[in-house]
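Trainee: Have a look at this one before I ask anything.
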Amino acid sequence: MRVYDYLIVGSGPFGATFAYLAKQAGKTCLIIDKRKHVGGNLYCENIAGINVHKYGAHIFHTSNKDVWDFVNQFVEFNRYTNSPIAIYKNELYNLPFNMNTFSKMWGITTPSDARAKIELQIKDLNIADPKNLEEQALKLVGKDIYYKLIKGYTEKQWGRDATEIPAFIIKRLPVRFTYDNNYFNDKYQGIPVGGYNVIIEKLLAGIEVRLNTDFFENKLDLEALADKIVYTGPIDKYFDYCYGELQYRGLRFEHEVMDTDNYQGNAVVNYTEREVPYTRIIEHKHFEFGTQEKTVVTKEYSSDWKQGEEPYYPINDERNQGIYQQYKQLADRSDTVIFGGRLAEYKYYDMHQVFESALNAAQKELQY
Ligand code: FAD
Ligand code: UDP
């Protein structure tokens with residue numbers, strides 16, 4: 001018997017936003033999640049009085065005022081600005097690549113010196129149209145920065161040679177000829193005061209949630225409960241891998257409570273050499289300027305992904321894009337299932353892009 005207008009599979013930002021807007025429009029929703037908590041990868045756990053980002057550092061940033069206004073209805077954001085540090089064999093650099101990085105690397109002081117240095121390092125390479133991440137990175141910042149701060153980190157993160165990774169991935173990072181360590185160019189940035197759970201709890205207020213419930217373990221019964229489905233899990237799994245498996249990158253997090261009030265002096269420290277097994281160490285209290293007695297740090301390890309493990313990053317190379325496009329055609333033909341979010345749209349989305357996608361999907365579906 002149909003009980004709900006929508007069954008929403010996944011309580012991350014896409015599912016929770018859609019549920020909130022559907023409820024506002026007078027619709028009934030059941031939201032399920034296979035995890036034991038709501039919030040998807042935004043979920044935080046309070047450990048030693050610190051909001052610990054259990055699935056990796058999450059910094060909210062956007063230039064979209066509609067998205068910023070939407071999330072600010074639910075929570076206030078603090079003034080945190082992401083400025084990661086990169087460590088390469090005990091040498092320490094500021095990120096993203098900017099005059100502080102160039103100055104430390106080459107002992108120079110002016111933007112024209114920095115540009116000249118980069119020019120000199122790449123003039124023999126003749127890269128007109130970069131075809132992969134390695135070429136793109138070399139063209140942007142030259143050989144020293146590529147070999148010290150990019151190649152090792154990238155190959156750990158993606159488990160393949162930097163020449164096999166699409167160029168757009170390195171363009172996520174700004175390159176600036178000013179002394180500005182802000183990792184993002186967006187107009188708005190911050191961390192929700194009290195953590196991300198505050199947003200998700202407010203989005204889901206008054207909505208029925210069933211945790212520890214995997215859609216595929218009880219598909220027929222669950223589908224029968226609602227007129228329509230909003231699906232935010234992996235798209236290939238929904239279609240039973242009929243066009244083959246998409247590839248993802250996996251992650252492993254090692255969380256540790258430490259008996260010191262300040263372990264590394266910054267929220268995000270990247271370890272860019274290949275030999276250090278983790279990619280970055282996160283010290284969570286610094287996202288909220290915490291003054292607790294202890295600290296919690298997380299080492300993040302990137303890993304090959306296998307069926308049954310949590311898929312974290314879509315791998316947007318040509319092969320996977322080709323397969324995804326076939327699934328997308330099936331998805332576009334469905335009148336009863338809406339596919340949205342990082343896994344169902346198979347895109348390297350940040351949170352603001354997921355909120356934007358959910359706002360658009362809800363507007364189209366609910367016709368307001
Ligand atoms: P998710 O948050 O992944 O939620 C999907 C939910 O669906 C999950 O809870 C999952 O359990 C559930 N689900 C899946 N399959 C099923 C099933 N079969 N049955 C029931 N439930 C199911 N973005 C930023 O803007 N800034 C950052 O700094 C940032 N840092 C990140 C760091 C890391 C390490 C990672 C991995 C991501 C980061 N992101 C960041 C991206 C951000 O996490 C995503 O954009 C966002 O979480 C995607 O939201 P979503 O709703 O699409 O999916
Ligand atoms: N990157 C790098 N060195 C760094 C940080 C990032 O080479 O110290 C590259 C790497 O290829 C990474 C990409 O830039 O995959 C994007 O980095 P971002 O911090 O946006 O990745 P995310 O936080 O999504 O894992």
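Letters for chains follow the order of the structure tokens (A, B, ...), residue numbers begin at 1 for each chain, and ligand numbers begin at 1 in the order shown.
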Please extract the residues at most 10 Å from ligand 2, counting only C-alpha atoms and all ligand atoms, and provide them as a PyMOL selection string, using the chain letters and residue numbers of this document.

Mentor: chain A and resi 56-59+84-88+93-97+133-134+137+145-158+162+165-174+183-184+268-273+279-280+300+302+312-313+348-350

Trainee: Could I get the residue neighbourhood of ligand 1 at 6 Å, counting only C-alpha atoms and all ligand atoms, as number ranges by chain?

Mentor: A: 9-15, 32-35, 39-42, 55-60, 213-216, 232-233, 312, 341-343, 349-352, 354

Trainee: List as number ranges by chain the protein and nucleic acid residues near A:Asn78, meaning an atom at most 8 Å away when only C-alpha atoms are counted, but skip any in the same chain fewer than 3 places from it.

Mentor: A: 190-193, 288

Trainee: Please save N, CA and C atoms of the selected residues as an mmCIF file, in the first residue's frame.

Mentor:
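Below is the file result-v3.cif, written as the result:
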```
data_model
loop_
_atom_site.group_PDB
_atom_site.id
_atom_site.type_symbol
_atom_site.label_atom_id
_atom_site.label_comp_id
_atom_site.auth_asym_id
_atom_site.auth_seq_id
_atom_site.Cartn_x
_atom_site.Cartn_y
_atom_site.Cartn_z
ATOM 1 N N GLY A 190 32.652 28.942 5.528
ATOM 2 C CA GLY A 190 32.602 28.797 6.984
ATOM 3 C C GLY A 190 32.243 27.387 7.394
ATOM 4 N N ILE A 191 32.176 27.203 8.707
ATOM 5 C CA ILE A 191 31.782 25.923 9.309
ATOM 6 C C ILE A 191 30.544 26.217 10.149
ATOM 7 N N PRO A 192 29.528 25.355 10.057
ATOM 8 C CA PRO A 192 28.325 25.616 10.857
ATOM 9 C C PRO A 192 28.647 25.612 12.352
ATOM 10 N N VAL A 193 28.170 26.615 13.057
ATOM 11 C CA VAL A 193 28.397 26.669 14.502
ATOM 12 C C VAL A 193 27.632 25.498 15.129
ATOM 13 N N GLU A 288 36.549 25.042 14.540
ATOM 14 C CA GLU A 288 35.641 25.868 15.356
ATOM 15 C C GLU A 288 36.418 26.642 16.425
#
```

Trainee: Quote the spacing between atom CA of A:Glu310 and atom CA of A:Tyr327 in Å to one decimal place.

Mentor: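 A separation of 20.0 Å between them.
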
Trainee: Could you name the residues that touch A:Lys187 at 10 Å or less, counting only C-alpha atoms, but leaving out those on the same chain fewer than 2 positions away, as a ChimeraX atom specification?

Mentor: /A:61-65,68,184-185,189

Trainee: Could you jot down the atom CA of A:Leu138 to atom CA of A:Arg319 separation for me, Å, one decimal place?

Mentor: 24.4 Å

Trainee: Any idea what's packed within 12 Å of A:Asn360, counting only C-alpha atoms, ignoring anything in its chain fewer than 6 positions away? Could you give it as a PyMOL selection string?

Mentor: chain A and resi 14+17-18+21+66-67+338+340-341+353-354+366-368

Trainee: One decimal, in Å: what's the spacing between atom CA of A:Tyr231 and atom CA of A:Asp317?

Mentor: 23.3 Å

Trainee: If you run DSSP on the backbone here, which positions in stretch 96-340 of chain A get strand (DSSP E or B)? Please write them as number ranges by chain.

Mentor: A: 97, 175, 188-190, 192, 208-210, 226-231, 248-258, 268-271, 280-283, 295-304, 313-314, 337-339

Trainee: Could those residues be written to a file, using N, CA and C atoms, as a CSV table (one decimal), in the first residue's frame?

Mentor:
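Dumped to result_26.csv:
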```csv
chain,number,residue,atom,x,y,z
A,97,PHE,N,48.5,27.2,-4.0
A,97,PHE,CA,49.7,27.7,-4.6
A,97,PHE,C,49.6,29.2,-4.7
A,175,VAL,N,45.4,29.1,-8.1
A,175,VAL,CA,46.9,29.5,-8.2
A,175,VAL,C,46.8,31.0,-8.2
A,188,TYR,N,31.4,33.1,-0.1
A,188,TYR,CA,31.0,32.7,1.2
A,188,TYR,C,31.7,31.4,1.7
A,189,GLN,N,32.1,31.4,2.9
A,189,GLN,CA,32.8,30.2,3.5
A,189,GLN,C,32.6,30.1,5.0
A,190,GLY,N,32.7,28.9,5.5
A,190,GLY,CA,32.6,28.8,7.0
A,190,GLY,C,32.2,27.4,7.4
A,192,PRO,N,29.5,25.4,10.1
A,192,PRO,CA,28.3,25.6,10.9
A,192,PRO,C,28.6,25.6,12.4
A,208,GLU,N,9.9,11.2,8.8
A,208,GLU,CA,10.1,9.9,9.4
A,208,GLU,C,11.4,9.3,8.8
A,209,VAL,N,12.3,8.8,9.6
A,209,VAL,CA,13.6,8.3,9.2
A,209,VAL,C,13.8,6.9,9.7
A,210,ARG,N,14.3,6.0,8.8
A,210,ARG,CA,14.6,4.6,9.2
A,210,ARG,C,16.1,4.4,8.9
A,226,ALA,N,5.8,4.0,-1.6
A,226,ALA,CA,5.7,5.4,-2.0
A,226,ALA,C,5.4,5.5,-3.5
A,227,ASP,N,4.9,6.7,-3.9
A,227,ASP,CA,4.6,6.9,-5.3
A,227,ASP,C,5.9,7.1,-6.1
A,228,LYS,N,6.8,7.8,-5.5
A,228,LYS,CA,8.1,8.1,-6.2
A,228,LYS,C,9.3,7.9,-5.3
A,229,ILE,N,10.4,7.7,-5.9
A,229,ILE,CA,11.7,7.5,-5.2
A,229,ILE,C,12.7,8.6,-5.5
A,230,VAL,N,13.4,9.0,-4.5
A,230,VAL,CA,14.5,9.9,-4.7
A,230,VAL,C,15.7,9.1,-4.2
A,231,TYR,N,16.6,8.8,-5.2
A,231,TYR,CA,17.7,7.9,-5.0
A,231,TYR,C,19.0,8.6,-5.0
A,248,TYR,N,35.2,3.9,-8.2
A,248,TYR,CA,35.2,4.9,-7.1
A,248,TYR,C,36.6,4.8,-6.4
A,249,ARG,N,36.9,5.8,-5.6
A,249,ARG,CA,38.1,5.8,-4.8
A,249,ARG,C,37.6,5.6,-3.4
A,250,GLY,N,38.2,4.7,-2.6
A,250,GLY,CA,37.8,4.5,-1.2
A,250,GLY,C,38.7,5.3,-0.2
A,251,LEU,N,38.3,5.4,1.0
A,251,LEU,CA,39.1,6.1,2.0
A,251,LEU,C,39.0,5.3,3.3
A,252,ARG,N,40.0,5.5,4.1
A,252,ARG,CA,40.0,4.9,5.5
A,252,ARG,C,40.4,6.0,6.4
A,253,PHE,N,39.7,6.2,7.5
A,253,PHE,CA,40.0,7.2,8.5
A,253,PHE,C,40.5,6.6,9.8
A,254,GLU,N,41.6,7.1,10.3
A,254,GLU,CA,42.0,6.7,11.7
A,254,GLU,C,41.9,7.9,12.6
A,255,HIS,N,40.9,7.8,13.5
A,255,HIS,CA,40.7,8.9,14.5
A,255,HIS,C,41.4,8.6,15.8
A,256,GLU,N,42.0,9.6,16.4
A,256,GLU,CA,42.7,9.4,17.6
A,256,GLU,C,42.5,10.7,18.5
A,257,VAL,N,42.2,10.4,19.8
A,257,VAL,CA,42.1,11.4,20.8
A,257,VAL,C,43.5,11.6,21.4
A,258,MET,N,44.0,12.8,21.5
A,258,MET,CA,45.3,13.0,22.0
A,258,MET,C,45.3,13.9,23.2
A,268,VAL,N,44.0,21.5,8.7
A,268,VAL,CA,44.3,20.6,7.6
A,268,VAL,C,45.8,20.6,7.3
A,269,VAL,N,46.5,19.5,7.4
A,269,VAL,CA,47.9,19.4,7.0
A,269,VAL,C,48.1,18.3,6.0
A,270,ASN,N,48.5,18.6,4.8
A,270,ASN,CA,48.7,17.6,3.7
A,270,ASN,C,50.1,17.1,3.8
A,271,TYR,N,50.2,15.8,3.6
A,271,TYR,CA,51.6,15.2,3.5
A,271,TYR,C,51.8,14.8,2.0
A,280,ARG,N,46.5,13.2,4.4
A,280,ARG,CA,46.4,14.4,5.2
A,280,ARG,C,46.0,14.1,6.7
A,281,ILE,N,46.4,15.0,7.6
A,281,ILE,CA,45.9,14.9,9.0
A,281,ILE,C,45.0,16.1,9.3
A,282,ILE,N,43.9,15.7,9.8
A,282,ILE,CA,42.9,16.8,10.2
A,282,ILE,C,42.9,16.9,11.7
A,283,GLU,N,42.9,18.1,12.2
A,283,GLU,CA,42.8,18.4,13.6
A,283,GLU,C,41.5,19.2,13.8
A,295,THR,N,42.6,17.0,22.1
A,295,THR,CA,42.4,17.2,20.7
A,295,THR,C,42.1,15.9,20.0
A,296,VAL,N,41.4,16.0,18.8
A,296,VAL,CA,41.1,14.8,18.1
A,296,VAL,C,41.7,15.0,16.7
A,297,VAL,N,42.5,14.0,16.3
A,297,VAL,CA,43.1,14.1,14.9
A,297,VAL,C,42.7,12.9,14.1
A,298,THR,N,42.6,13.1,12.8
A,298,THR,CA,42.3,12.0,11.9
A,298,THR,C,43.3,11.9,10.8
A,299,LYS,N,43.9,10.7,10.6
A,299,LYS,CA,44.7,10.4,9.5
A,299,LYS,C,43.8,9.9,8.4
A,300,GLU,N,44.0,10.5,7.1
A,300,GLU,CA,43.1,10.0,6.0
A,300,GLU,C,44.0,9.2,5.0
A,301,TYR,N,43.6,8.0,4.8
A,301,TYR,CA,44.3,7.2,3.8
A,301,TYR,C,43.4,6.9,2.6
A,302,SER,N,43.9,7.1,1.4
A,302,SER,CA,43.1,6.8,0.2
A,302,SER,C,43.4,5.3,-0.1
A,303,SER,N,42.3,4.7,-0.7
A,303,SER,CA,42.5,3.3,-1.0
A,303,SER,C,41.8,2.8,-2.2
A,304,ASP,N,42.2,1.7,-2.8
A,304,ASP,CA,41.5,1.1,-3.9
A,304,ASP,C,40.1,0.7,-3.4
A,313,TYR,N,34.9,8.8,-3.8
A,313,TYR,CA,35.1,9.7,-4.9
A,313,TYR,C,34.8,9.0,-6.2
A,314,PRO,N,33.9,9.6,-7.0
A,314,PRO,CA,33.8,9.1,-8.4
A,314,PRO,C,35.1,9.4,-9.2
A,337,VAL,N,11.6,7.8,-10.6
A,337,VAL,CA,12.8,7.9,-9.7
A,337,VAL,C,13.5,9.1,-10.1
A,338,ILE,N,13.9,9.9,-9.0
A,338,ILE,CA,14.7,11.1,-9.2
A,338,ILE,C,16.1,10.7,-8.7
A,339,PHE,N,17.1,10.9,-9.5
A,339,PHE,CA,18.5,10.6,-9.1
A,339,PHE,C,19.3,11.8,-8.8
```

Trainee: Have a look at A:Asn98, A:Gln326, A:Gln73, A:Gln307 and name the one nearest to A:Ile200; count only C-alpha atoms.

Mentor: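 Comparing A:Asn98, A:Gln326, A:Gln73, A:Gln307 against A:Ile200, the winner is A:Gln73.
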
Trainee: Applying 10 Å and only C-alpha atoms, which residues near A:Gly290 remain after dropping the ones on its own chain fewer than 2 positions away? List them as an MDAnalysis selection string.

Mentor: chainID A and resid 49:51 261:262 284:288 292:295

Trainee: Excluding A:Tyr241 and its own-chain neighbours fewer than 5 positions away, which residues fall within 10 Å of it when counting only C-alpha atoms? Please give them as a ChimeraX atom specification.

Mentor: /A:235-236,246,323,327

Trainee: Would you mind exporting N, CA and C atoms of the selected residues as a compact mmCIF listing (two decimals), in the first residue's frame?

Mentor:
```
# COMPACT_ATOMS: atom_id res chain seq x y z
N ILE A 235 24.67 5.15 -8.84
CA ILE A 235 23.71 4.96 -9.95
C ILE A 235 23.88 3.58 -10.60
N ASP A 236 25.12 3.09 -10.68
CA ASP A 236 25.32 1.79 -11.34
C ASP A 236 24.63 0.66 -10.56
N LEU A 246 30.89 1.20 -12.32
CA LEU A 246 31.64 2.45 -12.27
C LEU A 246 32.75 2.29 -11.23
N ILE A 323 30.47 5.19 -19.29
CA ILE A 323 29.51 4.28 -18.66
C ILE A 323 28.41 5.08 -17.97
N TYR A 327 24.06 5.10 -18.08
CA TYR A 327 23.13 5.03 -16.94
C TYR A 327 22.24 6.28 -16.88
```
